[in-house]
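Shown here: coords.txt, compact mmCIF, C-alpha atoms and all ligand atoms.
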# COMPACT_ATOMS: atom_id res chain seq x y z
CA MET P 27 -25.07 -25.25 -36.82
CA GLU P 28 -26.98 -23.87 -39.78
CA GLY P 29 -29.80 -21.54 -38.84
CA LEU P 30 -28.46 -20.70 -35.40
CA THR P 31 -28.82 -17.09 -34.29
CA GLY P 32 -25.81 -15.27 -32.82
CA VAL P 33 -27.03 -15.86 -29.28
CA SER P 34 -27.76 -19.56 -29.73
CA LEU P 35 -24.41 -20.00 -31.51
CA ALA P 36 -22.65 -18.37 -28.57
CA ARG P 37 -24.61 -20.64 -26.21
CA THR P 38 -23.65 -23.76 -28.17
CA LEU P 39 -19.97 -22.76 -28.28
CA LEU P 40 -19.84 -21.94 -24.57
CA LEU P 41 -21.53 -25.24 -23.67
CA ARG P 42 -19.06 -27.13 -25.89
CA ALA P 43 -16.20 -25.26 -24.25
CA SER P 44 -17.49 -26.45 -20.86
CA HIS P 45 -16.11 -29.92 -21.72
CA SER P 46 -12.57 -28.72 -22.51
CA ALA P 47 -10.04 -29.73 -19.86
CA TRP P 48 -7.36 -27.68 -21.66
CA LEU P 49 -9.43 -24.48 -21.56
CA ALA P 50 -10.35 -25.16 -17.93
CA GLU P 51 -6.68 -25.31 -17.02
CA GLN P 52 -5.83 -22.17 -19.02
CA LEU P 53 -8.60 -20.10 -17.43
CA ARG P 54 -8.03 -21.40 -13.93
CA ARG P 55 -4.55 -19.89 -14.07
CA ARG P 56 -5.80 -16.40 -14.96
CA ARG P 57 -6.52 -14.05 -12.14
CA PHE P 58 -8.99 -11.94 -14.13
CA VAL P 59 -11.14 -15.04 -14.61
CA HIS P 60 -11.23 -15.59 -10.85
CA ARG P 61 -12.45 -12.00 -10.47
CA ALA P 62 -15.21 -12.58 -13.04
CA VAL P 63 -16.27 -15.89 -11.43
CA ARG P 64 -16.68 -14.08 -8.10
CA ARG P 65 -19.76 -12.43 -9.56
CA PHE P 66 -21.54 -15.79 -9.31
CA MET P 67 -19.95 -17.27 -6.19
CA PRO P 68 -19.03 -15.69 -2.86
CA GLY P 69 -15.79 -17.73 -2.72
CA GLU P 70 -14.31 -21.18 -3.20
CA ASP P 71 -14.65 -22.29 0.44
CA LEU P 72 -17.66 -23.57 2.35
CA ALA P 73 -17.00 -20.80 4.89
CA ASP P 74 -17.58 -18.19 2.14
CA ALA P 75 -20.87 -19.84 1.20
CA LEU P 76 -22.02 -20.05 4.83
CA ARG P 77 -21.20 -16.38 5.32
CA ALA P 78 -23.26 -15.47 2.23
CA ALA P 79 -26.12 -17.69 3.47
CA THR P 80 -26.03 -15.88 6.83
CA ASP P 81 -26.25 -12.48 5.11
CA LEU P 82 -29.14 -13.63 2.93
CA ALA P 83 -30.95 -15.07 5.95
CA ALA P 84 -30.81 -11.65 7.61
CA GLY P 85 -32.84 -10.35 4.64
CA GLY P 86 -35.40 -13.16 4.85
CA ILE P 87 -33.90 -15.20 1.99
CA GLY P 88 -32.99 -18.89 2.35
CA SER P 89 -30.12 -20.68 0.64
CA ILE P 90 -29.30 -23.85 -1.22
CA LEU P 91 -25.65 -24.85 -0.92
CA THR P 92 -23.83 -26.83 -3.56
CA GLN P 93 -20.19 -27.75 -3.91
CA LEU P 94 -19.07 -27.51 -7.52
CA GLY P 95 -17.96 -30.69 -9.22
CA GLU P 96 -19.47 -33.34 -11.46
CA ASN P 97 -18.58 -36.60 -13.20
CA ILE P 98 -16.07 -37.66 -10.59
CA THR P 99 -14.17 -40.84 -11.45
CA SER P 100 -13.36 -42.66 -8.19
CA ARG P 101 -15.23 -44.10 -5.21
CA ALA P 102 -12.87 -42.31 -2.83
CA GLU P 103 -13.76 -38.90 -4.35
CA ALA P 104 -17.48 -39.73 -4.22
CA ASP P 105 -17.25 -40.77 -0.57
CA ALA P 106 -15.41 -37.54 0.21
CA VAL P 107 -18.22 -35.54 -1.43
CA ARG P 108 -20.84 -37.41 0.64
CA ASP P 109 -18.88 -36.78 3.85
CA HIS P 110 -18.43 -33.13 2.93
CA TYR P 111 -22.18 -32.69 2.52
CA LEU P 112 -22.89 -34.49 5.80
CA GLY P 113 -20.64 -31.90 7.42
CA VAL P 114 -22.45 -29.09 5.58
CA LEU P 115 -25.83 -30.31 6.84
CA ASP P 116 -24.50 -30.40 10.40
CA GLN P 117 -22.99 -26.91 10.13
CA VAL P 118 -26.24 -25.53 8.73
CA ARG P 119 -28.13 -27.05 11.63
CA GLY P 120 -25.59 -25.83 14.18
CA ARG P 121 -25.92 -22.28 12.85
CA LYS P 122 -29.71 -22.55 12.55
CA LEU P 123 -29.49 -21.36 8.94
CA PRO P 124 -32.50 -21.60 6.59
CA ALA P 125 -30.32 -23.51 4.14
CA GLN P 126 -30.58 -26.76 2.21
CA VAL P 127 -28.15 -28.77 0.10
CA SER P 128 -28.30 -29.67 -3.60
CA VAL P 129 -26.24 -32.49 -5.12
CA LYS P 130 -25.40 -33.82 -8.56
CA LEU P 131 -25.59 -37.61 -8.74
CA THR P 132 -22.42 -37.79 -10.88
CA GLN P 133 -20.67 -35.96 -8.05
CA LEU P 134 -21.79 -38.77 -5.73
CA GLY P 135 -20.17 -41.29 -8.08
CA LEU P 136 -23.07 -42.30 -10.34
CA ASP P 137 -20.67 -43.05 -13.22
CA VAL P 138 -18.44 -45.14 -10.96
CA ASP P 139 -20.78 -47.27 -8.86
CA ARG P 140 -24.52 -46.76 -9.03
CA ALA P 141 -25.29 -48.78 -5.89
CA ALA P 142 -22.78 -46.80 -3.84
CA CYS P 143 -24.17 -43.54 -5.27
CA GLU P 144 -27.66 -44.61 -4.19
CA ALA P 145 -26.40 -45.48 -0.71
CA SER P 146 -24.68 -42.08 -0.38
CA LEU P 147 -27.79 -40.30 -1.59
CA ARG P 148 -29.91 -42.20 0.94
CA THR P 149 -27.49 -41.23 3.74
CA LEU P 150 -27.69 -37.55 2.76
CA VAL P 151 -31.47 -37.57 2.40
CA ALA P 152 -31.78 -39.21 5.83
CA ARG P 153 -29.51 -36.58 7.42
CA ALA P 154 -31.46 -33.74 5.77
CA ALA P 155 -34.72 -35.34 6.97
CA GLU P 156 -33.39 -35.47 10.57
CA HIS P 157 -32.98 -31.68 10.26
CA GLY P 158 -36.43 -31.26 8.72
CA ALA P 159 -34.78 -30.03 5.49
CA THR P 160 -35.07 -31.02 1.83
CA LEU P 161 -32.14 -32.67 0.04
CA TRP P 162 -32.17 -31.53 -3.60
CA ILE P 163 -31.07 -33.57 -6.60
CA ASP P 164 -29.93 -31.49 -9.60
CA MET P 165 -30.83 -32.68 -13.09
CA GLU P 166 -27.75 -33.09 -15.28
CA ASP P 167 -27.63 -33.78 -19.03
CA SER P 168 -30.42 -35.87 -20.55
CA THR P 169 -28.43 -39.12 -20.53
CA TYR P 170 -28.91 -39.09 -16.74
CA ALA P 171 -32.62 -38.26 -16.69
CA ASP P 172 -33.92 -41.83 -16.30
CA VAL P 173 -31.55 -42.84 -13.54
CA THR P 174 -32.01 -39.52 -11.72
CA LEU P 175 -35.78 -39.89 -11.72
CA ALA P 176 -35.55 -43.56 -10.71
CA LEU P 177 -33.40 -42.67 -7.69
CA PHE P 178 -35.67 -39.75 -6.81
CA ARG P 179 -38.69 -42.08 -6.86
CA LYS P 180 -36.94 -44.53 -4.54
CA MET P 181 -36.00 -41.80 -2.07
CA ARG P 182 -39.45 -40.22 -2.25
CA ALA P 183 -40.99 -43.59 -1.34
CA GLU P 184 -38.94 -43.41 1.88
CA THR P 185 -39.35 -39.75 2.86
CA PRO P 186 -40.83 -36.45 1.67
CA HIS P 187 -37.53 -34.67 2.45
CA VAL P 188 -36.17 -34.96 -1.08
CA GLY P 189 -36.65 -32.84 -4.21
CA VAL P 190 -35.58 -33.13 -7.84
CA ALA P 191 -35.04 -30.67 -10.67
CA LEU P 192 -37.02 -31.05 -13.90
CA GLN P 193 -35.93 -29.26 -17.09
CA ALA P 194 -38.59 -27.51 -19.18
CA TYR P 195 -36.46 -27.72 -22.35
CA LEU P 196 -36.71 -31.52 -22.50
CA ARG P 197 -39.48 -32.83 -24.73
CA ARG P 198 -40.05 -35.70 -22.27
CA THR P 199 -40.68 -33.55 -19.19
CA PRO P 200 -44.52 -33.29 -19.37
CA ALA P 201 -44.69 -37.10 -19.41
CA ASP P 202 -42.18 -37.34 -16.55
CA LEU P 203 -44.18 -34.87 -14.51
CA GLU P 204 -47.41 -36.83 -15.04
CA THR P 205 -45.80 -39.95 -13.60
CA LEU P 206 -44.31 -38.05 -10.65
CA LEU P 207 -47.46 -36.17 -9.56
CA PRO P 208 -49.06 -39.15 -7.74
CA LEU P 209 -46.00 -39.16 -5.42
CA ALA P 210 -46.78 -35.62 -4.13
CA PRO P 211 -43.28 -34.62 -5.22
CA THR P 212 -41.08 -31.66 -4.41
CA ILE P 213 -39.94 -30.32 -7.77
CA ARG P 214 -37.62 -27.53 -8.84
CA LEU P 215 -38.65 -26.53 -12.35
CA VAL P 216 -35.79 -25.02 -14.39
CA LYS P 217 -35.39 -24.26 -18.08
CA GLY P 218 -32.30 -26.49 -18.53
CA ALA P 219 -28.61 -25.64 -18.86
CA TYR P 220 -26.98 -28.31 -21.08
CA ASN P 221 -26.28 -28.65 -24.77
CA GLU P 222 -28.93 -31.10 -25.99
CA ALA P 223 -29.88 -32.41 -29.44
CA PRO P 224 -33.05 -30.89 -30.98
CA SER P 225 -34.62 -34.36 -30.89
CA VAL P 226 -34.30 -34.31 -27.09
CA ALA P 227 -34.78 -30.64 -26.14
CA PHE P 228 -36.50 -27.67 -27.76
CA PRO P 229 -33.85 -25.63 -29.57
CA GLN P 230 -35.98 -22.45 -29.57
CA LYS P 231 -36.15 -20.43 -26.38
CA ARG P 232 -39.79 -19.46 -26.97
CA ASP P 233 -40.79 -23.17 -26.97
CA VAL P 234 -38.85 -23.75 -23.75
CA ASP P 235 -40.54 -20.75 -22.14
CA ALA P 236 -43.98 -21.93 -23.28
CA GLN P 237 -43.40 -25.44 -21.93
CA TYR P 238 -42.12 -23.96 -18.64
CA GLU P 239 -45.34 -22.01 -18.22
CA THR P 240 -47.53 -25.04 -18.93
CA LEU P 241 -45.56 -27.21 -16.52
CA ALA P 242 -45.69 -24.47 -13.88
CA ALA P 243 -49.48 -24.32 -14.18
CA THR P 244 -49.69 -28.11 -13.74
CA LEU P 245 -47.47 -27.96 -10.67
CA LEU P 246 -49.52 -25.16 -9.12
CA ALA P 247 -52.78 -26.99 -9.82
CA ASN P 248 -51.41 -29.93 -7.83
CA THR P 249 -50.24 -28.09 -4.70
CA ALA P 250 -53.52 -28.95 -2.96
CA ARG P 251 -52.60 -32.64 -3.45
CA GLY P 252 -49.20 -32.21 -1.82
CA THR P 253 -46.96 -31.24 -4.74
CA ARG P 254 -44.38 -28.65 -3.64
CA PRO P 255 -43.20 -26.60 -6.62
CA VAL P 256 -40.11 -24.47 -6.71
CA PHE P 257 -39.60 -22.21 -9.71
CA GLY P 258 -35.88 -21.97 -10.39
CA THR P 259 -35.74 -19.05 -12.79
CA HIS P 260 -34.71 -15.41 -13.17
CA ASP P 261 -37.34 -14.78 -15.84
CA LEU P 262 -39.29 -12.00 -14.17
CA GLY P 263 -42.16 -11.98 -16.69
CA LEU P 264 -42.61 -15.68 -16.15
CA ILE P 265 -42.54 -15.27 -12.37
CA THR P 266 -45.22 -12.56 -12.62
CA ARG P 267 -47.44 -14.87 -14.68
CA ILE P 268 -46.83 -17.78 -12.27
CA ARG P 269 -47.82 -15.60 -9.32
CA ALA P 270 -50.99 -14.51 -11.13
CA ARG P 271 -51.83 -18.14 -11.90
CA ALA P 272 -51.25 -19.11 -8.26
CA ALA P 273 -53.60 -16.33 -7.15
CA GLU P 274 -56.26 -17.50 -9.64
CA LEU P 275 -55.96 -21.04 -8.30
CA ARG P 276 -56.04 -19.72 -4.72
CA ALA P 277 -52.85 -21.64 -3.99
CA ALA P 278 -52.06 -21.24 -0.29
CA PRO P 279 -49.37 -18.65 0.53
CA GLY P 280 -46.02 -20.41 0.76
CA SER P 281 -47.24 -23.36 -1.33
CA TYR P 282 -44.57 -22.54 -3.94
CA GLU P 283 -41.12 -20.96 -3.82
CA VAL P 284 -38.83 -19.08 -6.20
CA HIS P 285 -35.14 -20.01 -6.29
CA MET P 286 -32.47 -18.03 -8.11
CA LEU P 287 -28.71 -18.20 -8.48
CA TYR P 288 -26.36 -16.21 -6.27
CA GLY P 289 -25.39 -12.98 -8.01
CA VAL P 290 -28.25 -12.95 -10.51
CA ARG P 291 -31.12 -10.47 -10.01
CA ALA P 292 -30.31 -9.84 -6.35
CA ALA P 293 -32.62 -6.80 -6.09
CA GLU P 294 -35.54 -8.79 -7.49
CA GLN P 295 -34.82 -11.61 -5.03
CA ARG P 296 -35.24 -9.14 -2.19
CA ALA P 297 -38.37 -7.60 -3.73
CA LEU P 298 -40.03 -11.01 -4.10
CA ALA P 299 -39.18 -11.97 -0.52
CA ALA P 300 -40.57 -8.64 0.69
CA ALA P 301 -43.79 -9.39 -1.24
CA GLY P 302 -44.18 -12.62 0.76
CA VAL P 303 -42.92 -15.15 -1.80
CA PRO P 304 -40.52 -17.63 -0.17
CA VAL P 305 -37.18 -17.10 -1.97
CA LYS P 306 -33.99 -19.14 -1.82
CA VAL P 307 -30.68 -18.49 -3.51
CA LEU P 308 -28.48 -21.27 -4.80
CA ILE P 309 -24.92 -20.64 -3.64
CA SER P 310 -22.14 -22.56 -5.36
CA TYR P 311 -18.65 -22.87 -3.96
CA GLY P 312 -15.56 -24.99 -4.56
CA ARG P 313 -12.62 -25.13 -6.92
CA ALA P 314 -14.24 -27.06 -9.79
CA TRP P 315 -16.04 -24.06 -11.22
CA PHE P 316 -15.06 -24.21 -14.89
CA ALA P 317 -17.88 -26.27 -16.50
CA TRP P 318 -20.42 -24.63 -14.20
CA TYR P 319 -19.13 -21.13 -15.05
CA MET P 320 -19.32 -21.85 -18.79
CA ARG P 321 -23.00 -22.81 -18.31
CA ARG P 322 -23.62 -19.50 -16.50
CA LEU P 323 -22.00 -17.60 -19.39
CA ALA P 324 -24.08 -19.58 -21.87
CA GLU P 325 -27.29 -18.55 -20.08
CA ARG P 326 -26.51 -14.96 -20.92
CA PRO P 327 -23.72 -14.61 -23.47
CA ALA P 328 -23.62 -10.89 -22.60
CA ASN P 329 -21.93 -12.11 -19.40
CA VAL P 330 -18.85 -12.78 -21.50
CA TRP P 331 -18.46 -8.99 -21.58
CA PHE P 332 -18.15 -8.97 -17.80
CA VAL P 333 -15.12 -11.23 -18.23
CA VAL P 334 -13.66 -9.07 -20.99
CA ARG P 335 -14.34 -5.85 -19.06
CA SER P 336 -12.69 -7.22 -15.93
CA LEU P 337 -9.49 -7.53 -18.01
CA PHE P 338 -9.13 -3.75 -17.95
C1 LIG Y 401 -32.03 -22.47 -8.29
C2 LIG Y 401 -31.63 -22.99 -9.64
C3 LIG Y 401 -31.30 -24.32 -9.80
C4 LIG Y 401 -30.95 -24.81 -11.05
N1 LIG Y 401 -30.74 -26.14 -11.21
C5 LIG Y 401 -30.53 -26.65 -12.45
C6 LIG Y 401 -30.46 -28.04 -12.67
O1 LIG Y 401 -30.55 -28.87 -11.74
N2 LIG Y 401 -30.27 -28.49 -13.94
C7 LIG Y 401 -30.18 -27.61 -15.01
O2 LIG Y 401 -30.06 -28.07 -16.15
N3 LIG Y 401 -30.24 -26.29 -14.81
C8 LIG Y 401 -30.41 -25.77 -13.57
N4 LIG Y 401 -30.50 -24.42 -13.41
C9 LIG Y 401 -30.20 -23.50 -14.54
C10 LIG Y 401 -31.41 -23.29 -15.44
O3 LIG Y 401 -31.67 -24.46 -16.19
C11 LIG Y 401 -31.19 -22.11 -16.41
O4 LIG Y 401 -30.08 -22.39 -17.22
C12 LIG Y 401 -30.99 -20.77 -15.75
O5 LIG Y 401 -31.78 -20.62 -14.63
C13 LIG Y 401 -31.30 -19.63 -16.75
O6 LIG Y 401 -32.64 -19.67 -17.15
P1 LIG Y 401 -33.78 -18.68 -16.59
O7 LIG Y 401 -34.91 -19.52 -16.13
O8 LIG Y 401 -33.23 -17.75 -15.59
O9 LIG Y 401 -34.34 -17.94 -17.87
P2 LIG Y 401 -33.69 -17.12 -19.03
O10 LIG Y 401 -34.82 -16.86 -19.96
O11 LIG Y 401 -32.47 -17.80 -19.56
O12 LIG Y 401 -33.27 -15.80 -18.33
C14 LIG Y 401 -34.20 -14.89 -17.77
C15 LIG Y 401 -33.50 -13.60 -17.45
O13 LIG Y 401 -32.50 -13.79 -16.45
C16 LIG Y 401 -31.23 -13.43 -16.92
N5 LIG Y 401 -30.25 -14.48 -16.57
C17 LIG Y 401 -30.44 -15.79 -16.62
N6 LIG Y 401 -29.31 -16.45 -16.27
C18 LIG Y 401 -28.39 -15.49 -16.03
C19 LIG Y 401 -27.03 -15.50 -15.66
N7 LIG Y 401 -26.36 -16.64 -15.48
N8 LIG Y 401 -26.41 -14.32 -15.49
C20 LIG Y 401 -27.04 -13.14 -15.67
N9 LIG Y 401 -28.34 -13.06 -16.03
C21 LIG Y 401 -29.00 -14.21 -16.21
C22 LIG Y 401 -31.35 -13.40 -18.46
O14 LIG Y 401 -30.48 -12.46 -19.03
C23 LIG Y 401 -32.77 -13.03 -18.67
O15 LIG Y 401 -32.92 -11.63 -18.65
C24 LIG Y 401 -30.87 -23.91 -12.16
C25 LIG Y 401 -31.20 -22.57 -12.00
C26 LIG Y 401 -31.60 -22.10 -10.78
C27 LIG Y 401 -31.96 -20.65 -10.63

Can you give me the file's structure in the form of structure tokens?
Amino acid sequence: MEGLTGVSLARTLLLRASHSAWLAEQLRRRRFVHRAVRRFMPGEDLADALRAATDLAAGGIGSILTQLGENITSRAEADAVRDHYLGVLDQVRGRKLPAQVSVKLTQLGLDVDRAACEASLRTLVARAAEHGATLWIDMEDSTYADVTLALFRKMRAETPHVGVALQAYLRRTPADLETLLPLAPTIRLVKGAYNEAPSVAFPQKRDVDAQYETLAATLLANTARGTRPVFGTHDLGLITRIRARAAELRAAPGSYEVHMLYGVRAAEQRALAAAGVPVKVLISYGRAWFAWYMRRLAERPANVWFVVRSLF
């Protein structure tokens, strides 16, 4: 860890902690942790998420719903996740909510049975397509990048109603994007939330930010050929530069969107929506929040102080 700054050391430690089952169990038992987690999620139940999505919709902001959980270890669990999301898609449609669903492939059983995971993904994409919605595939750690992109390509060959996240911190991402562009893809560009080796991902934030901006410009330049970019970021300077670039390129209004996380920069979400930028908020819910919450703390180690402060 030589040469790490305080912030990147805190990030590394928090991301390592995200793998600790012992710590997960300890924290899950503490009520003050539940209070702190509530900053980033409206509640553990789908009903809480749907209520938050309804409130956001009233302010002109769409939602992406995702049930927390990853790396599940049995077919039965994976099937239950698929069935849960089928129910979510139906509830969203029934309530006429401007909401979509985002899934992690390891939550659909990728580690257990790849063929069954693919079948479940196809079922979900088809149901989203029936509703005219997009089914999102999150990008997990880099060991899953190849398989995630391969499954995205397969689904995209069948329907446009599917999108995938690309991570700007990965050195490989410009090459991945080049191969995806001919498919007229729907892409959520994010900086990347996992602990990766320097050989795989840029360790310096300024390099990640620079690569994000270059990739964003490529995505915007391809909107006229059917690429649908979503910028999943809270970096307001970056969003300003992306909007300026879109204006320069005369990208059609609504040809790109900005997505943020529930509870982060809520005022700016509303301001962007009021300025005519389509905005969606990713709402997480469910009981398996530990690894996910550690990643949120790692994104802004100052958030750890929210946890400490909520102790008193
Ligand atoms: C809609 C959406 C989907 C995502 N999907 C994925 C995915 O599939 N795979 C993946 O690896 N990652 C995903 N991420 C997470 C992403 O990779 C980043 O870790 C996260 O968005 C933080 O980076 P940033 O772009 O906001 O920029 P940063 O430069 O990290 O942050 C910009 C500003 O926002 C503030 N900020 C950022 N995060 C937080 C936070 N948690 N709490 C408080 N303030 C914060 C920072 O303090 C800073 O001021 C997703 C993020 C979003 C918004």

(request) Pick out the closest residue to ligand LIG 401 (chain Y) from this set: P:Val305, P:Ala78, P:Ala73, P:Ala210. Count all atoms listed in the file. (result)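 The closest residue to ligand LIG 401 (chain Y) is P:Val305.
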
(message) When you count only C-alpha atoms and all ligand atoms, which of these residues is closest to ligand LIG 401 (chain Y): P:Leu241, P:Ala159, P:Val190, P:Leu41?
(response)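 Of P:Leu241, P:Ala159, P:Val190, P:Leu41, the one nearest ligand LIG 401 (chain Y), counting only C-alpha atoms and all ligand atoms, is P:Val190.
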
(message) So, with all atoms listed in the file as the atoms that count, which of P:His187, P:Arg148, P:Arg198, P:Arg140 lies closest to Trp162 of chain P?
(response)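 Closest to Trp162 of chain P of all the choices is P:His187.
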
Return as a Markdown table the residues of chain P lying at most 6 Å from ligand LIG 401 (chain Y), together with the closest atom-to-atom pair for each and the distance in Å to one decimal, counting only C-alpha atoms and all ligand atoms, with rows in chain order and ascending residue number.
| residue | atom | partner | partner_atom | distance |
| --- | --- | --- | --- | --- |
| P:Asp164 | CA | Y:LIG401 | O1 | 3.4 |
| P:Met165 | CA | Y:LIG401 | O1 | 4.1 |
| P:Glu166 | CA | Y:LIG401 | N2 | 5.4 |
| P:Ala191 | CA | Y:LIG401 | O1 | 5.0 |
| P:Val216 | CA | Y:LIG401 | O3 | 4.5 |
| P:Lys217 | CA | Y:LIG401 | O3 | 4.2 |
| P:Gly218 | CA | Y:LIG401 | O3 | 3.2 |
| P:Ala219 | CA | Y:LIG401 | O2 | 3.9 |
| P:Tyr220 | CA | Y:LIG401 | O2 | 5.8 |
| P:Gly258 | CA | Y:LIG401 | C27 | 4.1 |
| P:Thr259 | CA | Y:LIG401 | O7 | 3.5 |
| P:His260 | CA | Y:LIG401 | O8 | 3.7 |
| P:Asp261 | CA | Y:LIG401 | C14 | 3.7 |
| P:His285 | CA | Y:LIG401 | C1 | 4.4 |
| P:Met286 | CA | Y:LIG401 | C27 | 3.7 |
| P:Leu287 | CA | Y:LIG401 | C27 | 4.6 |
| P:Val290 | CA | Y:LIG401 | C20 | 5.3 |
| P:Leu308 | CA | Y:LIG401 | C1 | 5.1 |
| P:Arg322 | CA | Y:LIG401 | N7 | 4.1 |
| P:Leu323 | CA | Y:LIG401 | N7 | 5.9 |
| P:Glu325 | CA | Y:LIG401 | N6 | 4.8 |
| P:Arg326 | CA | Y:LIG401 | O14 | 5.1 |

(request) Show me as a ChimeraX atom specification the residues that reach within 7 Å of (-33.2, -20.7, 3.5), counting all atoms listed in the file and using the file's own coordinates. (result) /P:83,87-90,123-126,306

(request) Determine the nearest neighbour of Val63 of chain P from the options P:Ala47, P:Gln295, P:Asn221, P:Gly289, counting all atoms listed in the file. (result) P:Gly289

(request) Work out how far atom CA of Leu40 of chain P is from atom CA of Trp318 of chain P, in Å to one decimal. (result) 10.7 Å

Mind dumping a table of every segment 146-247 of chain P residue within 9 Å of segment 271-275 of chain P, with the nearest atom pair and its distance in Å to one decimal, using all atoms listed in the file, sorted by chain and rising number, as a tab-separated table?
residue	atom	partner	partner_atom	distance
P:Ala243	CA	P:Arg271	CA	7.0
P:Leu246	CA	P:Ala272	CA	6.4
P:Ala247	CA	P:Leu275	CA	6.9

With C-alpha atoms retained, could you export that selection as a PDB file, in the frame of the given file?
ATOM      1  CA  ALA P 243     -49.480 -24.320 -14.180  1.00  0.00           C
ATOM      2  CA  LEU P 246     -49.520 -25.160  -9.120  1.00  0.00           C
ATOM      3  CA  ALA P 247     -52.780 -26.990  -9.820  1.00  0.00           C
TER       4      ALA P 247
END

(request) Have a look at P:Leu298, P:Leu94, P:Ile265, P:Val129 and name the one nearest to Leu147 of chain P; count all atoms listed in the file. (result) P:Val129

(message) When you count all atoms listed in the file, which of these residues is closest to Val138 of chain P: P:Arg197, P:Arg101, P:Arg269, P:Lys180?
(response)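 Of all the options, P:Arg101 lies closest to Val138 of chain P.
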
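Atom to atom, atom CA of Gly189 of chain P and atom CA of Ile163 of chain P stand 6.1 Å apart.
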
Write out, as CSV, each residue of segment 144-239 of chain P that has an atom at most 9 Å from segment 110-121 of chain P, together with the closest pair of atoms and their distance in Å to one decimal, counting all atoms listed in the file, rows going by chain and rising number.
residue,atom,partner,partner_atom,distance
P:Thr149,CA,P:Leu112,CA,8.4
P:Leu150,CA,P:Leu112,CA,6.5
P:Arg153,CA,P:Leu112,CA,7.1
P:Ala154,CA,P:Leu115,CA,6.7
P:His157,CA,P:Arg119,CA,6.8

Using only the atoms of segment 114-123 of chain P listed in the file, plus 4 Å on each side, state the axis-aligned box centre and edge lengths in Å rounded to one decimal, as AutoDock Vina command-line options.
--center_x -26.1 --center_y -25.9 --center_z 9.9 --size_x 15.3 --size_y 17.0 --size_z 16.6

(request) Quick one: everything within 9 Å of Ala250 of chain P, counting only C-alpha atoms, minus sequence neighbours fewer than 4 positions away in the same chain. Send it as a PyMOL selection string. (result) chain P and resi 246+277-278+281

Just write the chosen residues, C-alpha atoms, as a PDB file, in the frame of the given file.
ATOM      1  CA  LEU P 246     -49.520 -25.160  -9.120  1.00  0.00           C
ATOM      2  CA  ALA P 277     -52.850 -21.640  -3.990  1.00  0.00           C
ATOM      3  CA  ALA P 278     -52.060 -21.240  -0.290  1.00  0.00           C
ATOM      4  CA  SER P 281     -47.240 -23.360  -1.330  1.00  0.00           C
TER       5      SER P 281
END

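The two atoms in question, atom CA of Ile213 of chain P and atom CA of Asp81 of chain P, are spaced 25.9 Å apart.
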
If you count only C-alpha atoms, which residues fall within 9 Å of Gly280 of chain P, apart from same-chain ones fewer than 4 positions away, as a PDB file with C-alpha atoms, in the coordinates of the input?
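Everything below was put into result37.pdb:
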ATOM      1  CA  GLY P 302     -44.180 -12.620   0.760  1.00  0.00           C
ATOM      2  CA  VAL P 303     -42.920 -15.150  -1.800  1.00  0.00           C
ATOM      3  CA  PRO P 304     -40.520 -17.630  -0.170  1.00  0.00           C
TER       4      PRO P 304
END

(request) Scan for residues within 10 Å of the point (-15.8, -23.5, -6.3) in the coordinates of the file, using all atoms listed in the file, and reply as a count of residues only. (result) 23
